[in-house]
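*Asks:* Please read through the structure below; I'll follow up with questions.
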6 protein chains.
Amino acid sequence: MKPKKVSESTTTMTEMVMPNDTNPLGNLMGGNLMRWMDVVGGICAGKHCEAHVVTASVDHVSFHKPIPLGEIVTLNAQVTRAFNTSVEIFVEVFATNIKGGNPRKCNHAYFTFVALDDETKKPVPVPPVIPLTNVEEQLFESAARRREVRLVLSGRMKPEQASEIRALFSTFQS
Amino acid sequence: MKPKKVSESTTTMTEMVMPNDTNPLGNLMGGNLMRWMDVVGGICAGKHCEAHVVTASVDHVSFHKPIPLGEIVTLNAQVTRAFNTSVEIFVEVFATNIKGGNPRKCNHAYFTFVALDDETKKPVPVPPVIPLTNVEEQLFESAARRREVRLVLSGRMKPEQASEIRALFSTFQS
Amino acid sequence: MKPKKVSESTTTMTEMVMPNDTNPLGNLMGGNLMRWMDVVGGICAGKHCEAHVVTASVDHVSFHKPIPLGEIVTLNAQVTRAFNTSVEIFVEVFATNIKGGNPRKCNHAYFTFVALDDETKKPVPVPPVIPLTNVEEQLFESAARRREVRLVLSGRMKPEQASEIRALFSTFQS
Amino acid sequence: MKPKKVSESTTTMTEMVMPNDTNPLGNLMGGNLMRWMDVVGGICAGKHCEAHVVTASVDHVSFHKPIPLGEIVTLNAQVTRAFNTSVEIFVEVFATNIKGGNPRKCNHAYFTFVALDDETKKPVPVPPVIPLTNVEEQLFESAARRREVRLVLSGRMKPEQASEIRALFSTFQS
Amino acid sequence: MKPKKVSESTTTMTEMVMPNDTNPLGNLMGGNLMRWMDVVGGICAGKHCEAHVVTASVDHVSFHKPIPLGEIVTLNAQVTRAFNTSVEIFVEVFATNIKGGNPRKCNHAYFTFVALDDETKKPVPVPPVIPLTNVEEQLFESAARRREVRLVLSGRMKPEQASEIRALFSTFQS
Amino acid sequence: MKPKKVSESTTTMTEMVMPNDTNPLGNLMGGNLMRWMDVVGGICAGKHCEAHVVTASVDHVSFHKPIPLGEIVTLNAQVTRAFNTSVEIFVEVFATNIKGGNPRKCNHAYFTFVALDDETKKPVPVPPVIPLTNVEEQLFESAARRREVRLVLSGRMKPEQASEIRALFSTFQS
């Protein structure tokens, strides 16, 4: 398959925090933010894969500062790397108040989406990713390590086979 | 007030057409698209004005090709010109299928938003717009004419005072 | 096709402004009102045309006084005139507080809907409108002028062919 | 308090059955219809009482023919009678297909709403109802009997005190 | 058909009262609670009947104490008895504040659901219910009386045929 | 603070997959499932902590088999362990079809919630957890390890300080 640039599928989503998105303290609920991250990630993955995609997994997500009712949330999604029939998508979340003030990064997460065939609904191969910028290159490289963690966590790889992680841990082991 | 560039408030919103957004034929309802256009326009206006804003009016909107369930809608909003306490926002709508294919412009509209003071809820002055590119310059110039049309349509200006429109019509009148 | 009276398709919709319909100032968002206007207009058009309909366009809409959370919004839709495969629908919006007090007209708009065949999804002819009351007669007559404006605005008619508008403008031109 | 006519608070609501209102068979869920009936009943009660109201009870509701996705539901609410601090509202539900065809009555129900003071949130007296037409008169009369049934069902009246019901049952008892 | 125990289909649903579920006084609207009761009742009925089900009727429902925004609502649904092609479901509603404090019973209702064949959409026989506990036994017994009331109320049984109700009323009649 | 048993805050939520919860393939979107998991987890945490809580983080979540439109999703949430001002909640997700058939575990996740003071919105201490059953004991023990992973992942603990993880890794290192 013809490799594609990261910029070809980069996706931006902007949302205003509406009353029903908030918890009783008047801030955006974590679960609603995850839903938005999943949607923008899925749109980005669909563009890169040129296929229907389904969410396979989400890595650890942290929530820091609260995002109050009426604030503006901007989500950027970009593909980091492709693995046979799946892609890893990096989603970053930013917020400002309604006047554009107090801009801040809220959090980020790595989603994995699997591409499906329209007819059979079976996984199909996806195009490789061409990383160009320094940041894209970095995300591409580290994707291999994150994938090993996922495989170990889901029991599909034995810890002793996880060479990337072992290298990482051995540096502080001895 | 310090003038601001158009690019400082440009806003992009991406939405997937969900089942509840569709009519019984399975396409995005016009009214839902208008709601999204109003939201993205309002966010853009809030950024430029650095204030709460409310929708004052929407110019004529046309709907052309249907946008089916599951397609991706991208809305771009940019300020064209400021008038005392209001701004005109230009919203363009594009769609692709879920694989990023069949990209097309769907429609566009001009919204007017009024900036309000936090305390008094009264209109407040807004920063002027600095148009830089050719397109921004063109939207800035034509905004005066669109404003006259609005004032005539809403009965706040007599047709014979609408010098911009008169000039336009006189060209094909004689 | 057998002509139909305006009253045969007149439609009334009542909504209470719920939290998620409001902006951060606690008032109904313009975009949500437009969505309701589109729905009631579409129901009215469907009744008159006895067919599925889709929104083709909305003329200029203004928003005046805010409608706060919890207030009652009543929308009336009536057909004004039929044009081959489309109808123009006039939608008026009224509001009261929850006790029925402070009744007021909020705004109005003219929507155009196209009737579609169930199978082919192609436009189909619609029944003519029989205007009976003075108001219905007035809306019927002025619909021709509004249609010309739409055709000029969408580039499907040259300004110099717009005889209705020219007549209007020539009165204040000389 | 000044008595009011039934027509002063009669309320009509029109809804289109949207995807999220349906069950997996593609028909309007009973629970969603009850929610709409409650809203239109509450608006009607608020108008008659000129006060905030809360739902106190709903009498037996039956659901007959299914109402499929995309159909148009019209709900009419009218006050039948006032009792100290509450009113009984009669809600009737009708449906047609999207073309206005197959008009039919779906069901009806009697709701009771209690009027509350803005400050204290305690029940406040409500204006008496003036029934004018035959149907209004009939609904007014039978409201007393329905109220007794409610009081017995909720344990606030002993069956032997329910004179209206006893009269009804004694006719077929002997 | 093989009879089933009540516990095999008992269903618990927990909801947090979100902004859009509330009325302008900030409490859960009666209509939204009815919608939740209908959903949990339908899920319970579907489990017992092992079939698609539709709501046939709801008996009298009362609403007592308000349930404010942010509180936790727990709904329990259990089958009481089966009648040919329908089941009666008993739904109880409890609330606590967000800290688990102020636990209280809010209300309850009896729903009737009809089981439908997947293909024909016609009613199909449902499995009998085996009541085991004292409470289940009581609900099973009283279901016959409630069914008579429903048949009389809906005009499908003449009052003089309602032997269960007659027995009840005769005790306080003489 | 008085320690509490796990069972005192265990929470069950049941949802039916509605049209708007699905992706264009007709299955529950991953993001919607995460939103439900967050809500049920938050309710459980609020009960245990007897305080308002906010989501601090979610550990890795995997999605396996699709959950189609109309299926029933049951979510169970239980507290595993308390850490000063936060609790870890274990959420398990199960699905069946609408007839109660094809029961299966879908996935699970560990959420961390922080308890906040009503007035200051600052973190407050939470009651310790008393694990009783074998499963509760196991979840309690392994919570310490999961917490170390979170602290390392979020950069608040150096890998060489993570004694629990080191022990784990050293077993397959040599």
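Here, A, B, ... name the chains of the structure tokens in the order displayed, residue numbers run from 1 inside each chain, and ligands are numbered from 1 in the same displayed order.
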Might you pull out every residue within 8 Å of Val91 of chain A, with only C-alpha atoms counted and same-chain residues fewer than 2 positions away left off, and present them as a list in words?

*Replies:*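 That gives Met37, Val40, Gly41, Leu75, Asn76, Ala77, Gln78, Ile89, Val93, His108, Ala109, Tyr110 and Phe111 of chain A.
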
*Asks:* Env of Asp38 of chain E: 12 Å cut, atoms = only C-alpha atoms, seq-sep filter 3 positions within chain, self excluded. Answer as a PyMOL selection string.

*Replies:* (chain D and resi 23+29-35) or (chain E and resi 13+31-35+41-46+53-59+61+75-77+89-93+108-113) or (chain F and resi 16)

*Asks:* Have a look at D:Asn134, D:Asn84, D:Ser62, D:Thr10 and name the one nearest to chain C; count only C-alpha atoms.

*Replies:*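 When distances to chain C are compared using only C-alpha atoms, the smallest one comes from D:Thr10.
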
*Asks:* In Å, with one decimal, what is the gap from atom CA of Gly101 of chain F to atom CA of Trp36 of chain F?

*Replies:* 21.8 Å

*Asks:* Please, which residues in chain A fall within 10 Å of chain E when counting only C-alpha atoms, and what is the closest atom pair and distance in Å to one decimal for each, ordered by chain then residue number, as JSON lines?

*Replies:*
```
{"residue": "A:Met18", "atom": "CA", "partner": "E:Pro19", "partner_atom": "CA", "distance": 9.6}
{"residue": "A:Pro19", "atom": "CA", "partner": "E:Pro19", "partner_atom": "CA", "distance": 6.0}
{"residue": "A:Asn20", "atom": "CA", "partner": "E:Pro19", "partner_atom": "CA", "distance": 5.3}
{"residue": "A:Asp21", "atom": "CA", "partner": "E:Met18", "partner_atom": "CA", "distance": 8.5}
{"residue": "A:Thr22", "atom": "CA", "partner": "E:Met18", "partner_atom": "CA", "distance": 8.0}
{"residue": "A:Asn23", "atom": "CA", "partner": "E:Gly70", "partner_atom": "CA", "distance": 7.4}
{"residue": "A:Pro24", "atom": "CA", "partner": "E:Gly70", "partner_atom": "CA", "distance": 5.2}
{"residue": "A:Leu25", "atom": "CA", "partner": "E:Gly70", "partner_atom": "CA", "distance": 8.9}
{"residue": "A:Gly26", "atom": "CA", "partner": "E:Pro19", "partner_atom": "CA", "distance": 9.8}
```

*Asks:* Would you put the residues from that selection into a file with N, CA, C and O atoms, as a short mmCIF file (atom, residue, chain, number, x, y, z; two decimals), in the first residue's frame?

*Replies:*
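For reference, again-v9.cif as written:
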```cif
data_model
loop_
_atom_site.label_atom_id
_atom_site.label_comp_id
_atom_site.auth_asym_id
_atom_site.auth_seq_id
_atom_site.Cartn_x
_atom_site.Cartn_y
_atom_site.Cartn_z
N MET A 18 -21.21 22.12 26.94
CA MET A 18 -22.64 22.40 27.13
C MET A 18 -23.09 21.87 28.50
O MET A 18 -22.41 20.99 29.07
N PRO A 19 -24.23 22.34 29.00
CA PRO A 19 -24.66 21.92 30.34
C PRO A 19 -24.66 20.40 30.54
O PRO A 19 -24.21 19.91 31.57
N ASN A 20 -25.14 19.65 29.54
CA ASN A 20 -25.25 18.20 29.76
C ASN A 20 -23.91 17.48 29.72
O ASN A 20 -23.84 16.29 29.99
N ASP A 21 -22.85 18.19 29.37
CA ASP A 21 -21.51 17.58 29.38
C ASP A 21 -20.86 17.69 30.76
O ASP A 21 -19.76 17.16 30.95
N THR A 22 -21.50 18.38 31.69
CA THR A 22 -20.83 18.70 32.95
C THR A 22 -21.28 17.81 34.10
O THR A 22 -22.36 17.23 34.08
N ASN A 23 -20.43 17.72 35.12
CA ASN A 23 -20.79 17.04 36.36
C ASN A 23 -21.45 18.06 37.31
O ASN A 23 -21.52 19.25 36.99
N PRO A 24 -21.95 17.59 38.46
CA PRO A 24 -22.64 18.52 39.37
C PRO A 24 -21.77 19.67 39.88
O PRO A 24 -22.29 20.63 40.43
N LEU A 25 -20.45 19.60 39.66
CA LEU A 25 -19.59 20.73 40.04
C LEU A 25 -19.47 21.74 38.91
O LEU A 25 -18.80 22.75 39.03
N GLY A 26 -20.13 21.45 37.76
CA GLY A 26 -20.13 22.40 36.66
C GLY A 26 -18.92 22.30 35.74
O GLY A 26 -18.67 23.21 34.95
#
```

*Asks:* Residues within 8 Å of Ala143 of chain E, please, as a VMD selection string. Count only C-alpha atoms; anything in the same chain fewer than 2 positions from it doesn't count.

*Replies:* chain E and resid 80 to 81 88 139 to 141 145 to 147

*Asks:* So that I can check the secondary structure, give me every residue of segment 107-144 of chain A assigned alpha helix (DSSP H) by backbone DSSP, as a list in words.

*Replies:*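 Residues of segment 107-144 of chain A classed as alpha helix (DSSP H): Asn134, Val135, Glu136, Glu137, Gln138, Leu139, Phe140, Glu141, Ser142, Ala143 and Ala144 of chain A.
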
*Asks:* Report as a PyMOL selection string: the residues of chain B with a DSSP assignment of strand (DSSP E), based on the backbone of this structure.

*Replies:* chain B and resi 4-5+11-16+52-58+61-62+72-83+86-96+104-116+129-130

*Asks:* Keeping only C-alpha atoms, write the selected residues as a JSON list (two decimals), in the first residue's frame.

*Replies:*
```
[["chain", "number", "residue", "atom", "x", "y", "z"],
["B", 4, "LYS", "CA", -6.55, 41.69, 15.31],
["B", 5, "LYS", "CA", -5.64, 39.42, 12.43],
["B", 11, "THR", "CA", -11.89, 28.01, 14.13],
["B", 12, "THR", "CA", -12.29, 24.50, 12.73],
["B", 13, "MET", "CA", -14.92, 22.04, 13.88],
["B", 14, "THR", "CA", -15.29, 18.42, 12.73],
["B", 15, "GLU", "CA", -18.43, 16.39, 13.29],
["B", 16, "MET", "CA", -19.55, 12.90, 12.31],
["B", 52, "HIS", "CA", -19.49, 36.58, 25.27],
["B", 53, "VAL", "CA", -21.39, 36.84, 22.00],
["B", 54, "VAL", "CA", -24.96, 36.16, 20.86],
["B", 55, "THR", "CA", -26.23, 35.44, 17.37],
["B", 56, "ALA", "CA", -27.81, 38.55, 15.85],
["B", 57, "SER", "CA", -28.61, 37.24, 12.37],
["B", 58, "VAL", "CA", -27.84, 34.70, 9.67],
["B", 61, "VAL", "CA", -28.31, 29.76, 3.58],
["B", 62, "SER", "CA", -28.68, 27.22, 0.77],
["B", 72, "ILE", "CA", -17.56, 13.69, 8.20],
["B", 73, "VAL", "CA", -18.49, 17.39, 8.20],
["B", 74, "THR", "CA", -15.78, 20.03, 8.60],
["B", 75, "LEU", "CA", -16.79, 23.61, 9.38],
["B", 76, "ASN", "CA", -14.38, 26.55, 9.10],
["B", 77, "ALA", "CA", -15.25, 29.91, 10.63],
["B", 78, "GLN", "CA", -13.35, 33.18, 10.14],
["B", 79, "VAL", "CA", -14.13, 36.77, 10.99],
["B", 80, "THR", "CA", -14.57, 39.06, 7.98],
["B", 81, "ARG", "CA", -15.12, 42.50, 9.51],
["B", 82, "ALA", "CA", -16.07, 44.27, 12.72],
["B", 83, "PHE", "CA", -18.83, 46.90, 13.06],
["B", 86, "SER", "CA", -20.71, 43.26, 16.18],
["B", 87, "VAL", "CA", -18.68, 41.01, 13.90],
["B", 88, "GLU", "CA", -19.54, 39.24, 10.70],
["B", 89, "ILE", "CA", -18.36, 35.61, 10.59],
["B", 90, "PHE", "CA", -18.00, 33.59, 7.40],
["B", 91, "VAL", "CA", -18.70, 29.87, 7.89],
["B", 92, "GLU", "CA", -17.84, 27.33, 5.19],
["B", 93, "VAL", "CA", -18.97, 23.70, 5.31],
["B", 94, "PHE", "CA", -17.20, 20.75, 3.70],
["B", 95, "ALA", "CA", -17.97, 17.02, 3.75],
["B", 96, "THR", "CA", -16.21, 13.75, 2.98],
["B", 104, "ARG", "CA", -16.88, 18.59, -1.49],
["B", 105, "LYS", "CA", -17.97, 22.02, -0.39],
["B", 106, "CYS", "CA", -21.53, 21.83, 0.94],
["B", 107, "ASN", "CA", -22.46, 25.44, 1.60],
["B", 108, "HIS", "CA", -21.55, 28.63, 3.45],
["B", 109, "ALA", "CA", -23.23, 31.42, 5.35],
["B", 110, "TYR", "CA", -22.57, 34.80, 6.93],
["B", 111, "PHE", "CA", -23.46, 35.10, 10.62],
["B", 112, "THR", "CA", -23.52, 38.30, 12.66],
["B", 113, "PHE", "CA", -22.72, 38.13, 16.37],
["B", 114, "VAL", "CA", -22.99, 40.91, 18.95],
["B", 115, "ALA", "CA", -20.45, 41.11, 21.79],
["B", 116, "LEU", "CA", -21.88, 41.56, 25.29],
["B", 129, "VAL", "CA", -10.19, 43.19, 11.79],
["B", 130, "ILE", "CA", -6.91, 43.33, 9.84]]
```

*Asks:* Just want the 10 Å neighbourhood of Met1 of chain A, counted on only C-alpha atoms, with same-chain residues fewer than 2 positions away dropped. Output as a ChimeraX atom specification.

*Replies:* /A:3-4,125-128

*Asks:* Go ahead and compute the interatomic distance for atom CA of Glu50 of chain E and atom CA of Pro131 of chain E, in Å to one decimal.

*Replies:*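 About the pair atom CA of Glu50 of chain E and atom CA of Pro131 of chain E: they are 18.2 Å apart.
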
*Asks:* In Å, with one decimal, what is the gap from atom CA of Arg150 of chain A to atom CA of Lys65 of chain F?

*Replies:* 17.3 Å
